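Reading through the structure tokens given below for one structure.
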Amino acid sequence: MSRKKCEQGPHPRREPRFSQPLSLENLREVFSDCVDFMERTVYLNGDKERVVTVCYLLGMTRNERLSDYILRPLSQDPALSRVPEGELFSLLQYGALYNLAALRRDALDDVVNDLILGSCALFFQGRTDALTFPIPTEEKRGVGEPENEPALKGSRESFVESIRTNTAMIRRHLKAPQLKIREHIVGRQSRTQVDVLYLEDMADPATVALVEKRLSEIDIDGLEAAGNLEEYLTDTAKSPFPLIAYSQRPDRLCQGLLEGRVALFADGIPLGWMVPGTIDQFFKTGQDRAYHWMVASALSLVRYFCALITLLLPGLYIALVTFHPEAIPPKLALSIVAAKQEVPFSTIFEVLTMLLAFEVIQEAGLRLPGPIGATVSILGGLVVGNAAVEAHIVSPAVLIAVAIAGIAGYTQPSQDFGNALRLWRFLLAILASVGGLFGLSLGCAGLIYHLAGLESFGVPYLAPFTTGAGRSRGHPSLFRLPLPAMKWRDGAVNTKNRRNQR
Amino acid sequence: MRGILAVILAGSLLLTGCSGLPTSREMGDMALLRTMGVDSASGAVEVTGSTGPRARGLQAEGEPALVLSAQGESLSAACLAMQGLSDNYVFFGYVDQLLLGEGLAKSGVMPVLDYFARDTELGLGAQLWLVKDSTAGNAVESGGEEGIEGRLATLQTDGKLGVAAISRTVGEVYTDLMELGSAFVPAVVCGEGDDTSLMEAGYGVLKDGSLLGYLEGEDARGLEILKSRAPAEVLTLELREGQVSAGVISASTVPTILLREEEPVGLELKCLVEVELTEYSRPLSKETREECTAFLEEKLLRRLESTLDRLQGWKADCVGLGIQAALFRPEMWNRAEDTWADWFSRLEPEIHVKVTVHE
């Protein structure tokens with residue numbers, strides 16, 4: 001519905017953005033009041049009759065390459081003054097200048113785009129076309145370690161902000177020519193490159209087409225944050241659960257491509273997305289295939305268990321302590337009674353307040369620089385928590401329940417999925433406050449209903465757990481089989497080629 | 001938006017159709033009763049409850065057990081009356097030990113067991129004990145500041161481990177009374193003088209909900225063998241080669257009903273008992289071993305005959321010998337089930353005991 005509204009909106013995207021004829025004057029008009037727009041007039045081999053104007057954006061081009069491989073040949077190559085004027089243009093395009101690419105442009109819009117992407121443009125007197133040479137600056141952050149997905153046993157490289165570096169990393173991992181990389185431009189003002197990657201003989205063509213269709217429909221001012229892409233690509237924005245998985249690690253993204261998924265990169269964002277996003281993706285880590293299968297399986301089960309703990313523990317505590325105390329083991333009940341006797345607040349208030357306090361401390365720790373953030377966490381978590389317990393403001397059992405729920409949430413490999421669980425944790429705690437286990441069960445049923453209704457690029461979100469009858473399963477998702485036994489790609493992703501090994 | 005409204009409306013309707021949401025109550029305001037004693041008191045019911053040792057605050061400072069006692073015309077009325085005796089809400093959900101006074105047991109225990117089966121807080125998982133020669137109230141109060149919950153829990157655990165009497169839950173006794181018509185319940189007796197701790201006192205036998213009598217000593221051990229449970233005892237034997245001690249490590253009893261012209265005429269019991277010598281000076285010779293075996297078989301035979309004789313006299317097959325034997329002769333059981341108590345009292349017992357001695 002929202003996509004249709006966008007198409008009919010009051011400010012449709014204008015293509016081309018600059019419809020004037022290509023000329024140096026019009027280019028100057030486009031970049032008027034742009035202090036970084038530079039022009040340099042050059043006499044070809046010193047011939048004042050043959051003048052060319054070199055335009056570029058300062059900072060977007062690499063100065064050495066511009067000077068050595070463009071300006072020096074233009075001013076010193078004798079052939080440029082000897083060749084007939086009619087062939088001069090072709091000579092520059094096909095050999096006189098030492099650059100990997102030379103593009104002939106006859107539309108102002110294209111030249112403007114090329115300049116913004118780091119090209120220089122050559123204008124000749126009396127011609128209605130121009131040559132552009134991509135010489136973008138290579139100033140970028142070096143490939144570092146993936147901070148959000150640390151690797152103990154595996155590749156230590158992480159995506160960077162440069163989209164071409166990222167695609168090169170993927171190409172180095174997957175050397176098959178079937179790896180296709182298609183580019184789209186997203187953002188009226190940002191003109192961000194967004195690349196779609198897929199393995200041609202594995203990925204579902206319908207998913208690729210759908211991704212590209214949705215990318216082409218994005219009509220926004222700028223793509224500056226991951227959400228700018230995620231929220232426009234997903235089927236619905238009404239769910240806190242992530243419908244697209246992402247990773248900082250090239251090896252993990254490559255694994256996604258090998259499973260038949262489609263990957264996405266956006267220039268300036270150091271991560272890659274994988275679609276369709278199914279729930280099992282958010283419980284997997286890049287290390288799952290590095291560890292022994294038994295260890296990996298045990299850790300996978302722990303992560304699923306922790307998801308339940310972080311989601312249900314506060315609500316379960318409220319329900320049991322407030323509504324169904326008979327379900328608590330006697331010795332634990334006696335401890336809770338003893339600790340609760342001098343606390344002035346109700347259990348419901350205690351739990352909800354502590355959940356809120358936990359979020360506040362976490363948020364404060366994230367917003368501050370590293371060392372200060374750690375101090376805030378220690379002060380908030382240990383000192384204030386301990387003082388609150390000793391002052392009988394909260395009971396230790398509540399503090400333990402909330403802390404366990406919070407820590408269990410940190411086991412989730414996907415921050416987005418963990419955040420969704422945090423939101424639902426509040427909702428379930430409130431429902432448990434209203435109706436005890438009845439309310440909690442109602443909330444759980446609502447959560448399952450909600451998840452069962454989600455789709456990611458035509459694939460049920462709960463796949464492969466809820467893969468319908470007749471749809472082939474790949475391999476178990478709760479735990480990992482030995483790799484030689486994992487011979488099939490998951491059927492839910494609609495991969496063209498399901499067998500992945502002999 | 002319409003969908004959200006529909007969900008809210010459906011939720012409201014659902015809640016309207018239910019009996020309402022559960023009521024919340026803070027645990028800090030609760031007195032958790034762990035032990036409950038029930039007695040009959042001149043046309044009324046007297047309930048005595050104990051919380052066991054309590055703790056307070058972060059350091060869990062010890063507080064004495066809270067003992068409450070109230071009377072009412074019915075058990076529920078007495079329980080309700082207890083609420084007014086405490087500063088806290090008296091919560092019965094943690095009652096896992098139930099004591100019944102001898103007076104109440106003689107007049108009938110079914111109303112109490114019914115109440116435990118139906119009440120939302122109480123449950124059939126509570127352990128059941130009979131208080132011999134006294135009231136349950138006295139037994140509960142005998143625990144003093146420490147309460148008797150710990151002592152009963154120890155007896156219960158020992159019973160499960162086989163070093164004390166067989167422990168029974170309210171549910172087990174309730175089921176036996178309804179299915180077999182009789183049941184046995186472990187009995188305790190209050191200590192005398194300075195030692196007021198509860199002691200084992202065999203088993204009380206209930207029939208049709210009322211106490212018939214107690215099986216103590218040898219009879220109680222016989223009931224345990226009939227129940228295929230090794231009694232917690234050490235037998236001392238004077239043999240030709242000296243004195244030896246033996247402990248029973250396992251017992252198994254298989255009952256069979258003997259028929260004549262399709263009519264039950266006898267009850268055959270095949271008891272296999274294994275004993276292990278615990279104290280002896282040297283390995284037994286073949287002759288001494290045979291002497292030991294014969295001695296034990298004779299002793300256990302007398303014991304079983306005595307126990308069975310008492311049960312037959314009461315017409316109470318509280319061990320369920322008939323229903324076990326019926327597994328092999330279901331057609332006979334169909335005919336005899338309704339009048340099994342009478343059949344049981346008339347059947348001629350034929351007991352075979354085989355003892356195996358291990359060193």
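Lettering and numbering for the structure tokens are positional, with chains as A, B, ... in the shown order, residues counted from 1 in each chain, and ligands counted from 1 in the shown order.
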
Phe159 (chain A) environment, 8 Å, only C-alpha atoms, sequence neighbours closer than 5 positions dropped, as a CSV table (one decimal) with N, CA and C atoms, in the first residue's frame:
```
chain,number,residue,atom,x,y,z
A,143,VAL,N,40.6,-2.6,5.4
A,143,VAL,CA,39.8,-3.7,5.8
A,143,VAL,C,40.2,-4.1,7.2
A,144,GLY,N,39.3,-4.1,8.2
A,144,GLY,CA,39.6,-4.5,9.5
A,144,GLY,C,38.9,-5.7,10.0
A,146,PRO,N,35.9,-7.8,11.9
A,146,PRO,CA,34.5,-7.5,12.2
A,146,PRO,C,34.2,-7.4,13.7
A,165,THR,N,35.3,-2.2,-2.8
A,165,THR,CA,36.1,-3.1,-2.0
A,165,THR,C,35.3,-4.3,-1.5
A,166,ASN,N,34.1,-4.0,-1.1
A,166,ASN,CA,33.3,-5.1,-0.6
A,166,ASN,C,33.0,-6.1,-1.7
A,248,GLN,N,28.7,-8.4,8.7
A,248,GLN,CA,29.9,-7.7,8.4
A,248,GLN,C,30.9,-8.5,7.8
A,249,ARG,N,30.7,-9.8,7.8
A,249,ARG,CA,31.7,-10.8,7.4
A,249,ARG,C,31.5,-11.3,5.9
A,250,PRO,N,32.6,-11.2,5.1
A,250,PRO,CA,32.4,-11.7,3.7
A,250,PRO,C,32.2,-13.2,3.7
A,270,PRO,N,29.1,-0.3,5.8
A,270,PRO,CA,30.1,-1.4,5.9
A,270,PRO,C,29.4,-2.7,6.2
A,271,LEU,N,28.4,-3.1,5.5
A,271,LEU,CA,27.8,-4.5,5.8
A,271,LEU,C,27.1,-4.9,4.5
A,272,GLY,N,26.8,-6.2,4.5
A,272,GLY,CA,26.0,-6.7,3.4
A,272,GLY,C,24.7,-7.4,3.9
```

Notebook entry, point to check: Got a sec to pull out which chain A residues are within 8 Å of chain B, counting only C-alpha atoms, and send them as JSON, numbers by chain?
Noted result: {"A": [321, 322, 323, 325, 326, 330, 334, 335, 336, 337, 338, 339, 340, 341, 342, 346, 347, 390, 434, 435, 436, 438]}

Next item on the list: Give the strand (DSSP E or B) residues of region 249-278 of chain A, as assigned by DSSP on the backbone, as an MDAnalysis selection string.
Entry: chainID A and resid 262:266 272:275

Check: What's the 10 Å shell around Tyr304 (chain A), counting only C-alpha atoms, without same-chain residues fewer than 2 positions away, as a ChimeraX atom specification?
Finding: /A:280,283,299-302,306-309,408,411-412,478-479

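Minimum atom-to-atom distance to Met36 (chain B), evaluated using only C-alpha atoms, belongs to B:Val67 out of B:Leu304, B:Val319, B:Ala153, B:Val67.
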
Next item on the list: Please identify all polymer residues within 8 Å of Ala290 (chain A), counting only C-alpha atoms, omitting same-chain residues fewer than 3 positions from it, and present them as a list in words.
Entry: Lys153, Gly154, Gly286 and Gln287 of chain A

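Note that CA of Ala296 (chain A) and CA of Arg480 (chain A) are 6.4 Å apart.
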
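We find CA of Met169 (chain A) and CA of Pro150 (chain A) to be spaced 17.6 Å apart.
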
Checklist line | Polymer residues at most 8 Å from Glu216 (chain B), only C-alpha atoms, same-chain spacing of 6 or more positions, as a PyMOL selection string | finding: chain B and resi 201-203

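Between CA of Pro330 (chain B) and CA of Leu226 (chain B) the interatomic distance comes to 20.8 Å.
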
Next item on the list: Find the spatial neighbours of Gly150 (chain B), counting only C-alpha atoms, within a cut-off of 12 Å - ignore same-chain residues fewer than 3 positions away - and output them as a PyMOL selection string.
Entry: chain B and resi 34-35+50-53+65+96-97+140+143-147+153-157+197-198

Selection to disk with N, CA and C atoms, as an mmCIF file, in the first residue's frame:
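What landed in again-v4.cif:
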```cif
data_model
loop_
_atom_site.group_PDB
_atom_site.id
_atom_site.type_symbol
_atom_site.label_atom_id
_atom_site.label_comp_id
_atom_site.auth_asym_id
_atom_site.auth_seq_id
_atom_site.Cartn_x
_atom_site.Cartn_y
_atom_site.Cartn_z
ATOM 1 N N ARG B 34 3.341 -25.198 55.255
ATOM 2 C CA ARG B 34 4.009 -26.376 54.715
ATOM 3 C C ARG B 34 3.383 -27.664 55.250
ATOM 4 N N THR B 35 2.887 -27.604 56.488
ATOM 5 C CA THR B 35 2.323 -28.802 57.115
ATOM 6 C C THR B 35 0.929 -28.486 57.614
ATOM 7 N N SER B 50 1.346 -25.258 59.976
ATOM 8 C CA SER B 50 2.675 -24.756 60.360
ATOM 9 C C SER B 50 3.423 -24.325 59.115
ATOM 10 N N THR B 51 4.105 -23.209 59.240
ATOM 11 C CA THR B 51 4.861 -22.701 58.084
ATOM 12 C C THR B 51 6.244 -23.304 58.000
ATOM 13 N N GLY B 52 6.701 -23.937 59.073
ATOM 14 C CA GLY B 52 8.091 -24.362 59.105
ATOM 15 C C GLY B 52 8.967 -23.143 59.361
ATOM 16 N N PRO B 53 10.278 -23.353 59.486
ATOM 17 C CA PRO B 53 11.164 -22.219 59.767
ATOM 18 C C PRO B 53 11.096 -21.195 58.643
ATOM 19 N N ALA B 65 8.795 -20.908 63.391
ATOM 20 C CA ALA B 65 7.681 -21.359 62.554
ATOM 21 C C ALA B 65 6.383 -20.744 63.068
ATOM 22 N N ASP B 96 2.690 -29.680 51.779
ATOM 23 C CA ASP B 96 3.107 -30.962 51.205
ATOM 24 C C ASP B 96 3.197 -32.053 52.264
ATOM 25 N N GLN B 97 2.705 -31.775 53.474
ATOM 26 C CA GLN B 97 2.610 -32.808 54.507
ATOM 27 C C GLN B 97 1.239 -32.670 55.166
ATOM 28 N N VAL B 140 1.664 -31.438 65.075
ATOM 29 C CA VAL B 140 2.165 -30.232 64.405
ATOM 30 C C VAL B 140 2.852 -29.322 65.412
ATOM 31 N N GLY B 143 6.605 -29.772 66.911
ATOM 32 C CA GLY B 143 7.816 -29.310 66.230
ATOM 33 C C GLY B 143 8.403 -28.052 66.828
ATOM 34 N N GLY B 144 7.612 -27.334 67.632
ATOM 35 C CA GLY B 144 8.105 -26.106 68.255
ATOM 36 C C GLY B 144 8.473 -25.058 67.216
ATOM 37 N N GLU B 145 9.539 -24.323 67.483
ATOM 38 C CA GLU B 145 9.927 -23.223 66.596
ATOM 39 C C GLU B 145 10.449 -23.723 65.252
ATOM 40 N N GLU B 146 10.978 -24.939 65.255
ATOM 41 C CA GLU B 146 11.526 -25.481 64.013
ATOM 42 C C GLU B 146 10.451 -26.073 63.111
ATOM 43 N N GLY B 147 9.298 -26.399 63.702
ATOM 44 C CA GLY B 147 8.249 -27.044 62.916
ATOM 45 C C GLY B 147 8.574 -28.516 62.691
ATOM 46 N N ALA B 153 9.723 -34.475 56.154
ATOM 47 C CA ALA B 153 10.410 -34.543 54.850
ATOM 48 C C ALA B 153 11.508 -35.598 54.890
ATOM 49 N N THR B 154 12.193 -35.699 56.049
ATOM 50 C CA THR B 154 13.237 -36.715 56.187
ATOM 51 C C THR B 154 12.630 -38.119 56.126
ATOM 52 N N LEU B 155 11.520 -38.309 56.854
ATOM 53 C CA LEU B 155 10.858 -39.625 56.822
ATOM 54 C C LEU B 155 10.408 -39.973 55.406
ATOM 55 N N GLN B 156 9.916 -38.940 54.698
ATOM 56 C CA GLN B 156 9.441 -39.163 53.329
ATOM 57 C C GLN B 156 10.603 -39.575 52.421
ATOM 58 N N THR B 157 11.711 -38.835 52.533
ATOM 59 C CA THR B 157 12.878 -39.155 51.695
ATOM 60 C C THR B 157 13.422 -40.533 52.043
ATOM 61 N N SER B 197 10.113 -35.518 69.120
ATOM 62 C CA SER B 197 10.158 -35.723 67.666
ATOM 63 C C SER B 197 9.249 -36.873 67.262
ATOM 64 N N LEU B 198 8.795 -36.814 66.034
ATOM 65 C CA LEU B 198 7.877 -37.833 65.519
ATOM 66 C C LEU B 198 8.650 -39.112 65.187
#
```

Item checked: Neighbour list for region 79-92 of chain A as a PyMOL selection string, cut-off 10 Å, only C-alpha atoms, skip fewer than 3 positions in-chain -> chain A and resi 43-50+70+73-76+95-98+102+104+122-124+127+129-131

Note to self: Measuring between only C-alpha atoms, which one of B:Leu128, B:Ala246, B:Leu113, B:Val357 shows the shortest distance to Leu272 (chain B)?
What the structure shows: B:Val357
